[in-house]
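Here the structure is laid out as structure tokens; the discussion comes afterwards.
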Amino acid sequence: MQGDCRRGGFGSDLLGNPEWEAQNPPCLSPGDRCWGVGVLGSEGRSTLGEMIVFLGGPDFVSQLRSVLQVGDARLKQVARPVTVWNQALQTLIDDLIFTAEKTNGVGIAAPQVGVPQRLVIVASRPNLRYPQAPTMEPTALINPCLLAHSEAVVAGWEGCLSVPNHRGNVVRYREIEVEYLDRHGDWQRRVWVDFVARIFQHEYDHLEGYLFVDRADPADVITEAEYSVSNAQLTVPRAS
Ligand SMILES: [Zn+2]
């Protein structure tokens, strides 16, 4: 399957549009810091107006966001394209990366924290929930688009921060090519396979209002405890 994100894809009418670019200059250049500064342990308000506690030091203000849980109608919404590159977006990206890391996630989508915008984080690394995960730099994908995918699909077990204590066996494309805007507003392309490709497809589903439990056969949704006990028997990939 082939597509073109810049013609008809999300964000296609944004960059390159002089009027839009004049109204929405990127707020960050590599190395810049435009987020706030606070004293460790002190409280303040984020650019979204939420109460925050400065956690990591005088120049580190990422906060743990609360993750919506299955049953919340906001998880069923289709997210809107990001159209403004500002400090709030940069703070949201940092908070999502921080939240995924602290909750043993390998990805997270903005709608999961109640922000209905087309922004996902893909951040594979070994952790307690995914000990076999490959390591990569946490990556923010804004207005992402699936450019191409393999015909080959593979089933694998997924969890979700919004569906705690459950795993589901979900069929995903084995290899994908994606295009997205990075946090500085630059177009990027990546080819991902296997687990990282799975993470992207899972997170992209959040932008469309789907959870893994919407994709999996109900008989293939099990508890985390069942998954742990049966992991060795259940991890045999199966194509369909
Ligand atoms: Zn999820």
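Letters for chains follow the order of the structure tokens (A, B, ...), residue numbers begin at 1 for each chain, and ligand numbers begin at 1 in the order shown.
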All residues within 6 Å of ligand 1 are required, counting only C-alpha atoms and all ligand atoms; please report them as a PyMOL selection string. chain A and resi 160-162+203
Quick one: residues within 10 Å of Glu151 of chain A, only C-alpha atoms counted, chain neighbours fewer than 6 positions away excluded, as a ChimeraX atom specification? /A:1,173-176
Please produce a file of those selected residues containing C-alpha atoms, as a CSV table (one decimal), in the first residue's frame.
chain,number,residue,atom,x,y,z
A,1,MET,CA,0.0,0.0,0.0
A,173,TYR,CA,1.8,-5.1,9.5
A,174,ARG,CA,5.3,-6.4,10.0
A,175,GLU,CA,7.0,-3.5,8.3
A,176,ILE,CA,5.9,0.1,7.7
Using only C-alpha atoms for the distances, tell me which of A:Lys102, A:Arg65, A:Arg167, A:Arg80 is nearest to Ser230 of chain A. A:Arg167
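The strand (DSSP E or B) portion of segment 167-218 of chain A consists of Arg167, Gly168, Asn169, Val170, Val171, Arg172, Tyr173, Glu175, Ile176, Glu177, Val178, Glu179, Tyr180, Leu181, Trp187, Gln188, Arg189, Arg190, Val191, Trp192 and Val193 of chain A, with states taken from DSSP on the backbone.
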Next, the residues of the selection above should be written as a compact mmCIF listing (two decimals), in the first residue's frame with C-alpha atoms.
# COMPACT_ATOMS: atom_id res chain seq x y z
CA ARG A 167 -2.82 -8.08 27.03
CA GLY A 168 -4.27 -8.80 23.63
CA ASN A 169 -2.98 -10.69 20.65
CA VAL A 170 -3.18 -8.26 17.73
CA VAL A 171 -2.29 -8.68 14.06
CA ARG A 172 -0.19 -5.81 12.68
CA TYR A 173 1.80 -5.10 9.54
CA GLU A 175 7.03 -3.48 8.25
CA ILE A 176 5.86 0.08 7.74
CA GLU A 177 7.10 3.37 6.35
CA VAL A 178 5.84 6.43 8.17
CA GLU A 179 6.04 10.15 7.61
CA TYR A 180 5.53 12.73 10.30
CA LEU A 181 6.45 16.19 11.51
CA TRP A 187 9.13 16.33 7.89
CA GLN A 188 10.74 13.00 8.72
CA ARG A 189 10.43 9.50 7.28
CA ARG A 190 11.20 6.23 8.99
CA VAL A 191 10.99 2.55 8.12
CA TRP A 192 10.24 0.36 11.10
CA VAL A 193 9.84 -3.39 11.46
Between A:Leu207, A:Pro131, A:Gln87, A:Ile199, which one has atoms that come closest to Val115 of chain A, using only C-alpha atoms? A:Leu207
